[in-house]
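Reproduced below: query.cif, with mmCIF, N, CA and C atoms.
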data_work
#
loop_
_atom_site.label_atom_id
_atom_site.label_comp_id
_atom_site.auth_asym_id
_atom_site.auth_seq_id
_atom_site.Cartn_x
_atom_site.Cartn_y
_atom_site.Cartn_z
N MET A 360 17.06 -47.57 19.30
CA MET A 360 16.72 -46.30 18.73
C MET A 360 15.66 -45.59 19.54
N GLY A 361 14.69 -46.22 20.06
CA GLY A 361 13.66 -45.57 20.87
C GLY A 361 12.44 -45.23 20.05
N SER A 362 11.43 -44.76 20.76
CA SER A 362 10.14 -44.50 20.13
C SER A 362 10.09 -43.13 19.46
N GLY A 363 11.00 -42.24 19.78
CA GLY A 363 10.98 -40.91 19.18
C GLY A 363 10.13 -39.92 19.96
N ARG A 364 9.48 -40.37 21.00
CA ARG A 364 8.66 -39.46 21.79
C ARG A 364 9.55 -38.51 22.57
N GLY A 365 9.13 -37.27 22.66
CA GLY A 365 9.89 -36.29 23.42
C GLY A 365 11.05 -35.69 22.67
N ILE A 366 11.24 -36.09 21.42
CA ILE A 366 12.33 -35.56 20.62
C ILE A 366 11.77 -34.50 19.69
N SER A 367 12.37 -33.31 19.69
CA SER A 367 11.91 -32.27 18.76
C SER A 367 12.86 -32.22 17.57
N ASN A 368 12.30 -32.04 16.43
CA ASN A 368 13.08 -31.95 15.20
C ASN A 368 12.83 -30.62 14.54
N ARG A 369 13.84 -30.09 13.94
CA ARG A 369 13.69 -28.85 13.19
C ARG A 369 13.20 -29.21 11.80
N VAL A 370 12.12 -28.58 11.39
CA VAL A 370 11.56 -28.83 10.07
C VAL A 370 11.85 -27.61 9.20
N VAL A 371 12.52 -27.84 8.10
CA VAL A 371 12.82 -26.77 7.17
C VAL A 371 11.82 -26.86 6.03
N SER A 372 11.18 -25.73 5.73
CA SER A 372 10.15 -25.72 4.70
C SER A 372 10.38 -24.57 3.73
N PRO A 373 10.14 -24.79 2.45
CA PRO A 373 10.31 -23.72 1.47
C PRO A 373 9.12 -22.77 1.42
N GLN A 374 8.12 -22.93 2.28
CA GLN A 374 6.94 -22.07 2.24
C GLN A 374 7.29 -20.63 2.54
N ARG A 375 6.61 -19.72 1.92
CA ARG A 375 6.91 -18.30 2.01
C ARG A 375 6.07 -17.59 3.06
N ALA A 376 5.23 -18.27 3.79
CA ALA A 376 4.38 -17.66 4.81
C ALA A 376 3.62 -16.48 4.21
N MET A 377 2.88 -16.74 3.15
CA MET A 377 2.16 -15.69 2.43
C MET A 377 0.97 -15.19 3.24
N ARG A 378 0.69 -13.91 3.12
CA ARG A 378 -0.47 -13.30 3.78
C ARG A 378 -1.17 -12.40 2.76
N ILE A 379 -2.49 -12.56 2.66
CA ILE A 379 -3.27 -11.77 1.72
C ILE A 379 -4.34 -11.00 2.50
N MET A 380 -4.51 -9.74 2.12
CA MET A 380 -5.54 -8.91 2.74
C MET A 380 -6.29 -8.19 1.62
N SER A 381 -7.58 -7.98 1.84
CA SER A 381 -8.36 -7.21 0.87
C SER A 381 -9.31 -6.29 1.62
N VAL A 382 -9.50 -5.10 1.08
CA VAL A 382 -10.41 -4.13 1.68
C VAL A 382 -11.08 -3.32 0.58
N LYS A 383 -12.19 -2.71 0.95
CA LYS A 383 -12.84 -1.72 0.11
C LYS A 383 -12.59 -0.37 0.78
N VAL A 384 -12.15 0.60 -0.01
CA VAL A 384 -11.94 1.95 0.50
C VAL A 384 -13.06 2.83 -0.04
N ASP A 385 -13.79 3.46 0.87
CA ASP A 385 -14.78 4.46 0.50
C ASP A 385 -14.05 5.79 0.61
N GLY A 386 -13.62 6.32 -0.51
CA GLY A 386 -12.81 7.52 -0.51
C GLY A 386 -13.59 8.80 -0.74
N THR A 387 -14.89 8.67 -0.94
CA THR A 387 -15.72 9.86 -1.13
C THR A 387 -16.37 10.21 0.20
N GLY A 388 -16.48 11.49 0.50
CA GLY A 388 -16.99 11.90 1.81
C GLY A 388 -15.93 11.64 2.85
N THR A 389 -16.34 11.11 4.01
CA THR A 389 -15.39 10.74 5.05
C THR A 389 -14.80 9.39 4.68
N ALA A 390 -13.51 9.35 4.40
CA ALA A 390 -12.85 8.12 3.95
C ALA A 390 -12.95 7.03 5.01
N SER A 391 -13.24 5.79 4.57
CA SER A 391 -13.37 4.68 5.51
C SER A 391 -13.04 3.37 4.81
N LEU A 392 -12.78 2.35 5.64
CA LEU A 392 -12.48 1.00 5.17
C LEU A 392 -13.63 0.07 5.50
N SER A 393 -13.83 -0.95 4.66
CA SER A 393 -14.78 -2.01 4.99
C SER A 393 -14.24 -3.32 4.44
N GLY A 394 -14.78 -4.42 4.94
CA GLY A 394 -14.33 -5.74 4.53
C GLY A 394 -13.71 -6.48 5.70
N THR A 395 -13.48 -7.77 5.50
CA THR A 395 -13.00 -8.62 6.59
C THR A 395 -11.61 -8.24 7.09
N CYS A 396 -10.79 -7.62 6.26
CA CYS A 396 -9.43 -7.25 6.68
C CYS A 396 -9.32 -5.79 7.10
N SER A 397 -10.44 -5.09 7.18
CA SER A 397 -10.39 -3.65 7.48
C SER A 397 -9.84 -3.36 8.87
N THR A 398 -9.89 -4.34 9.77
CA THR A 398 -9.34 -4.13 11.11
C THR A 398 -7.83 -4.39 11.15
N ASN A 399 -7.25 -4.86 10.04
CA ASN A 399 -5.82 -5.16 9.98
C ASN A 399 -4.98 -3.98 9.47
N MET A 400 -5.64 -2.84 9.24
CA MET A 400 -4.93 -1.67 8.72
C MET A 400 -5.71 -0.41 9.06
N THR A 401 -5.05 0.71 8.92
CA THR A 401 -5.70 2.00 9.10
C THR A 401 -5.62 2.77 7.79
N LEU A 402 -6.56 3.69 7.63
CA LEU A 402 -6.64 4.51 6.43
C LEU A 402 -6.40 5.97 6.80
N THR A 403 -5.52 6.63 6.06
CA THR A 403 -5.31 8.06 6.20
C THR A 403 -5.69 8.71 4.88
N ASP A 404 -6.59 9.69 4.94
CA ASP A 404 -6.95 10.48 3.77
C ASP A 404 -5.97 11.64 3.73
N SER A 405 -5.00 11.57 2.83
CA SER A 405 -3.91 12.55 2.80
C SER A 405 -4.21 13.75 1.90
N GLY A 406 -5.41 13.84 1.40
CA GLY A 406 -5.79 14.93 0.50
C GLY A 406 -6.61 14.37 -0.64
N THR A 407 -7.03 15.22 -1.54
CA THR A 407 -7.87 14.80 -2.66
C THR A 407 -7.17 13.71 -3.47
N GLY A 408 -7.80 12.53 -3.54
CA GLY A 408 -7.28 11.42 -4.34
C GLY A 408 -6.00 10.79 -3.83
N ASP A 409 -5.68 10.99 -2.56
CA ASP A 409 -4.41 10.48 -1.99
C ASP A 409 -4.72 9.75 -0.69
N TYR A 410 -4.50 8.44 -0.69
CA TYR A 410 -4.85 7.59 0.47
C TYR A 410 -3.64 6.78 0.90
N LEU A 411 -3.50 6.59 2.20
CA LEU A 411 -2.42 5.77 2.74
C LEU A 411 -3.01 4.67 3.61
N LEU A 412 -2.76 3.42 3.24
CA LEU A 412 -3.14 2.27 4.07
C LEU A 412 -1.90 1.86 4.85
N THR A 413 -2.02 1.82 6.18
CA THR A 413 -0.91 1.42 7.04
C THR A 413 -1.28 0.10 7.70
N PHE A 414 -0.44 -0.92 7.53
CA PHE A 414 -0.73 -2.25 8.04
C PHE A 414 -0.40 -2.34 9.52
N ASN A 415 -1.28 -2.96 10.29
CA ASN A 415 -1.02 -3.17 11.73
C ASN A 415 0.20 -4.06 11.93
N LEU A 416 0.36 -5.06 11.06
CA LEU A 416 1.51 -5.97 11.11
C LEU A 416 2.24 -5.85 9.78
N PRO A 417 3.40 -5.19 9.75
CA PRO A 417 4.12 -5.02 8.49
C PRO A 417 4.55 -6.36 7.90
N TYR A 418 4.69 -6.39 6.58
CA TYR A 418 5.25 -7.54 5.90
C TYR A 418 6.77 -7.51 6.07
N LYS A 419 7.44 -8.59 5.76
CA LYS A 419 8.90 -8.64 5.84
C LYS A 419 9.54 -8.02 4.60
N ARG A 420 8.83 -8.05 3.49
CA ARG A 420 9.27 -7.41 2.23
C ARG A 420 8.08 -6.63 1.69
N ALA A 421 8.34 -5.67 0.84
CA ALA A 421 7.24 -4.90 0.24
C ALA A 421 6.29 -5.85 -0.50
N PRO A 422 4.98 -5.74 -0.24
CA PRO A 422 4.02 -6.66 -0.85
C PRO A 422 3.66 -6.27 -2.28
N GLU A 423 3.00 -7.19 -2.94
CA GLU A 423 2.39 -6.92 -4.25
C GLU A 423 1.00 -6.36 -3.96
N VAL A 424 0.61 -5.32 -4.68
CA VAL A 424 -0.66 -4.64 -4.41
C VAL A 424 -1.42 -4.46 -5.72
N MET A 425 -2.72 -4.76 -5.68
CA MET A 425 -3.60 -4.55 -6.82
C MET A 425 -4.73 -3.64 -6.38
N VAL A 426 -5.04 -2.65 -7.19
CA VAL A 426 -6.12 -1.71 -6.86
C VAL A 426 -7.05 -1.60 -8.06
N THR A 427 -8.36 -1.62 -7.78
CA THR A 427 -9.37 -1.53 -8.83
C THR A 427 -10.39 -0.47 -8.44
N PRO A 428 -10.58 0.56 -9.27
CA PRO A 428 -11.56 1.59 -8.93
C PRO A 428 -12.99 1.06 -9.03
N ILE A 429 -13.83 1.55 -8.14
CA ILE A 429 -15.26 1.24 -8.19
C ILE A 429 -16.01 2.40 -8.84
N THR A 430 -15.59 3.62 -8.52
CA THR A 430 -16.20 4.82 -9.07
C THR A 430 -15.94 4.88 -10.58
N ASP A 431 -16.96 5.24 -11.36
CA ASP A 431 -16.83 5.33 -12.82
C ASP A 431 -15.83 6.41 -13.23
N ASN A 432 -15.17 6.17 -14.35
CA ASN A 432 -14.27 7.15 -14.97
C ASN A 432 -13.13 7.59 -14.06
N ILE A 433 -12.58 6.64 -13.32
CA ILE A 433 -11.49 6.91 -12.38
C ILE A 433 -10.30 6.02 -12.72
N VAL A 434 -9.11 6.56 -12.57
CA VAL A 434 -7.87 5.80 -12.67
C VAL A 434 -7.31 5.70 -11.26
N ALA A 435 -7.00 4.49 -10.82
CA ALA A 435 -6.39 4.27 -9.50
C ALA A 435 -4.97 3.78 -9.72
N LYS A 436 -4.00 4.42 -9.07
CA LYS A 436 -2.58 4.07 -9.24
C LYS A 436 -1.93 3.85 -7.89
N LEU A 437 -0.86 3.09 -7.92
CA LEU A 437 -0.07 2.90 -6.71
C LEU A 437 0.96 4.01 -6.61
N GLY A 438 1.10 4.55 -5.41
CA GLY A 438 2.18 5.48 -5.12
C GLY A 438 3.31 4.67 -4.51
N THR A 439 3.68 4.99 -3.29
CA THR A 439 4.74 4.29 -2.60
C THR A 439 4.22 2.99 -2.00
N VAL A 440 4.95 1.90 -2.23
CA VAL A 440 4.63 0.61 -1.62
C VAL A 440 5.80 0.24 -0.72
N ALA A 441 5.52 0.03 0.57
CA ALA A 441 6.56 -0.30 1.54
C ALA A 441 6.10 -1.48 2.39
N VAL A 442 6.98 -1.99 3.26
CA VAL A 442 6.63 -3.15 4.08
C VAL A 442 5.47 -2.87 5.03
N GLY A 443 5.29 -1.60 5.42
CA GLY A 443 4.26 -1.27 6.39
C GLY A 443 3.11 -0.46 5.87
N SER A 444 3.14 -0.09 4.59
CA SER A 444 2.06 0.76 4.07
C SER A 444 2.05 0.77 2.55
N VAL A 445 0.94 1.28 2.01
CA VAL A 445 0.82 1.48 0.57
C VAL A 445 0.04 2.78 0.34
N GLN A 446 0.52 3.57 -0.62
CA GLN A 446 -0.16 4.80 -1.01
C GLN A 446 -0.91 4.53 -2.30
N ILE A 447 -2.18 4.99 -2.34
CA ILE A 447 -3.00 4.83 -3.54
C ILE A 447 -3.47 6.21 -3.96
N LEU A 448 -3.32 6.47 -5.25
CA LEU A 448 -3.70 7.76 -5.82
C LEU A 448 -4.82 7.55 -6.82
N THR A 449 -5.86 8.41 -6.76
CA THR A 449 -6.97 8.30 -7.70
C THR A 449 -7.12 9.63 -8.44
N GLU A 450 -7.46 9.51 -9.72
CA GLU A 450 -7.64 10.71 -10.54
C GLU A 450 -8.72 10.45 -11.58
N ASN A 451 -9.28 11.54 -12.12
CA ASN A 451 -10.27 11.40 -13.18
C ASN A 451 -9.56 11.16 -14.51
N LEU A 452 -10.32 10.99 -15.58
CA LEU A 452 -9.72 10.67 -16.87
C LEU A 452 -8.92 11.82 -17.46
N SER A 453 -9.09 13.01 -16.91
CA SER A 453 -8.29 14.17 -17.34
C SER A 453 -6.98 14.27 -16.59
N GLY A 454 -6.79 13.42 -15.57
CA GLY A 454 -5.54 13.41 -14.81
C GLY A 454 -5.57 14.25 -13.55
N SER A 455 -6.73 14.80 -13.19
CA SER A 455 -6.85 15.60 -11.97
C SER A 455 -7.17 14.70 -10.78
N ALA A 456 -6.50 14.94 -9.66
CA ALA A 456 -6.76 14.17 -8.44
C ALA A 456 -8.23 14.27 -8.07
N THR A 457 -8.83 13.12 -7.76
CA THR A 457 -10.26 13.05 -7.46
C THR A 457 -10.48 11.98 -6.41
N ASP A 458 -11.32 12.26 -5.42
CA ASP A 458 -11.68 11.24 -4.44
C ASP A 458 -12.50 10.16 -5.11
N ALA A 459 -12.28 8.91 -4.71
CA ALA A 459 -12.96 7.78 -5.35
C ALA A 459 -13.02 6.59 -4.40
N ASP A 460 -13.88 5.64 -4.75
CA ASP A 460 -13.99 4.37 -4.05
C ASP A 460 -13.22 3.33 -4.84
N PHE A 461 -12.59 2.36 -4.12
CA PHE A 461 -11.82 1.34 -4.82
C PHE A 461 -11.61 0.12 -3.93
N HIS A 462 -11.28 -1.00 -4.57
CA HIS A 462 -10.91 -2.24 -3.88
C HIS A 462 -9.39 -2.38 -3.92
N VAL A 463 -8.83 -2.97 -2.84
CA VAL A 463 -7.39 -3.21 -2.77
C VAL A 463 -7.15 -4.64 -2.34
N ILE A 464 -6.23 -5.33 -3.01
CA ILE A 464 -5.76 -6.65 -2.60
C ILE A 464 -4.26 -6.54 -2.36
N ILE A 465 -3.82 -7.00 -1.20
CA ILE A 465 -2.41 -6.92 -0.81
C ILE A 465 -1.92 -8.34 -0.56
N LEU A 466 -0.85 -8.73 -1.24
CA LEU A 466 -0.28 -10.07 -1.11
C LEU A 466 1.20 -9.92 -0.79
N GLY A 467 1.60 -10.47 0.35
CA GLY A 467 2.99 -10.36 0.75
C GLY A 467 3.44 -11.55 1.56
N SER A 468 4.71 -11.53 1.93
CA SER A 468 5.32 -12.63 2.64
C SER A 468 5.73 -12.20 4.05
N ASP A 469 5.59 -13.11 4.97
CA ASP A 469 6.03 -12.89 6.35
C ASP A 469 7.40 -13.50 6.59
N THR A 470 8.14 -13.80 5.51
CA THR A 470 9.54 -14.22 5.62
C THR A 470 10.39 -13.21 4.86
N ALA A 471 11.57 -12.94 5.38
CA ALA A 471 12.42 -11.91 4.79
C ALA A 471 13.18 -12.37 3.57
N ASP A 472 13.52 -13.67 3.50
CA ASP A 472 14.30 -14.13 2.36
C ASP A 472 13.40 -14.26 1.13
N GLN A 473 13.98 -14.03 -0.02
CA GLN A 473 13.19 -14.05 -1.25
C GLN A 473 13.17 -15.43 -1.87
N TYR A 474 14.24 -16.20 -1.74
CA TYR A 474 14.31 -17.52 -2.39
C TYR A 474 14.66 -18.59 -1.40
#
So, in terms of structure tokens, how does the structure I just supplied come out?
Amino acid sequence: MGSGRGISNRVVSPQRAMRIMSVKVDGTGTASLSGTCSTNMTLTDSGTGDYLLTFNLPYKRAPEVMVTPITDNIVAKLGTVAVGSVQILTENLSGSATDADFHVIILGSDTADQY
């Protein structure tokens, strides 16, 4: 049979190659990103209360996204979520678009198959 040295084997694994990123968005004044993952994406201020995070490395499937406002009396909602970007919309309690600060957590897979 031999020692097995020099033989490569294909290993099949059910792991989903998950990737998680988190950032803080300063949406008041000049919009900016901070946090350890801030270099993994870019921020576009698309207008009052409308932000687009574009990932440097797209996911294989649309990720799960959680957003939490930091600014008081603000509602933060998800707009479009795609493999390469996520839109976040912020508004005041009256429903008017308003610039705000918020945290974002993005969890996705680097494999295309779902199961």
Could you tell me which residues the PyMOL selection byres (((chain A and resi 456 and name CA) around 6) and name CA) returns for this structure, as a CSV table (one decimal) with N, CA and C atoms, in the frame of the given file?
chain,number,residue,atom,x,y,z
A,407,THR,N,-7.0,15.2,-1.5
A,407,THR,CA,-7.9,14.8,-2.7
A,407,THR,C,-7.2,13.7,-3.5
A,408,GLY,N,-7.8,12.5,-3.5
A,408,GLY,CA,-7.3,11.4,-4.3
A,408,GLY,C,-6.0,10.8,-3.8
A,449,THR,N,-5.9,8.4,-6.8
A,449,THR,CA,-7.0,8.3,-7.7
A,449,THR,C,-7.1,9.6,-8.4
A,450,GLU,N,-7.5,9.5,-9.7
A,450,GLU,CA,-7.6,10.7,-10.5
A,450,GLU,C,-8.7,10.4,-11.6
A,455,SER,N,-6.7,14.8,-13.2
A,455,SER,CA,-6.8,15.6,-12.0
A,455,SER,C,-7.2,14.7,-10.8
A,457,THR,N,-8.8,13.1,-7.8
A,457,THR,CA,-10.3,13.0,-7.5
A,457,THR,C,-10.5,12.0,-6.4
Rounded to one decimal place, report the atom C of Met380 of chain A-atom N of Gly443 of chain A distance in Å.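 Distance between the two atoms: 13.9 Å.
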Report, in Å with one decimal, the straight-line distance from atom C of Leu392 of chain A to atom C of Val442 of chain A. 19.3 Å
Suppose a student applies the PyMOL selection byres ((chain A and resi 464) around 5) to this structure; what residues should they get, written as a count of residues only? 8
Please identify all polymer residues within 6 Å of segment 400-404 of chain A, counting all atoms listed in the file, omitting same-chain residues fewer than 6 positions from it, and present them as a list in words.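 Using all atoms listed in the file, the neighbours found are Tyr410, Leu411, Leu412, Thr413, Phe414 and Asn415 of chain A.
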Using all atoms listed in the file for the distances, tell me which of A:Val384, A:Ala376, A:Val426, A:Ala435 is nearest to Asp469 of chain A.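 Closest to Asp469 of chain A of all the choices is A:Ala376.
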Once the PyMOL selection byres ((chain A and resi 421) around 6.5) has been evaluated on this model, what residues remain selected, and can you format them as a list in words?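 Applied to this file, the PyMOL selection byres ((chain A and resi 421) around 6.5) returns Tyr418, Lys419, Arg420, Pro422, Glu423, Val440, Ala441, Val442, Gly443, Gly467 and Ser468 of chain A.
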Go ahead and compute the interatomic distance for atom N of Val434 of chain A and atom CA of Leu452 of chain A, in Å to one decimal. 6.0 Å
Between A:Ala459, A:Gln446, A:Ile379, A:Thr387, which residue has the minimum interatomic distance to Ile429 of chain A, considering only C-alpha atoms?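 Closest to Ile429 of chain A of all the choices is A:Ala459.
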Could you work out an axis-aligned box for segment 387-392 of chain A, taking every atom the file lists and adding 8 Å on each side, and report centre and edge lengths in Å to one decimal, as AutoDock Vina command-line options?
--center_x -14.7 --center_y 6.0 --center_z 2.3 --size_x 20.5 --size_y 27.8 --size_z 22.8
Using all atoms listed in the file, the best pick from A:Asn451, A:Leu416, A:Ala471, A:Asn399 as closest to Asp431 of chain A would be A:Asn451
Which residue, A:Ile433, A:Gly406, A:Asp472, A:Asp460, has the smallest gap to Asp385 of chain A when you use all atoms listed in the file?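 So, comparing all the options, the nearest one is A:Asp460.
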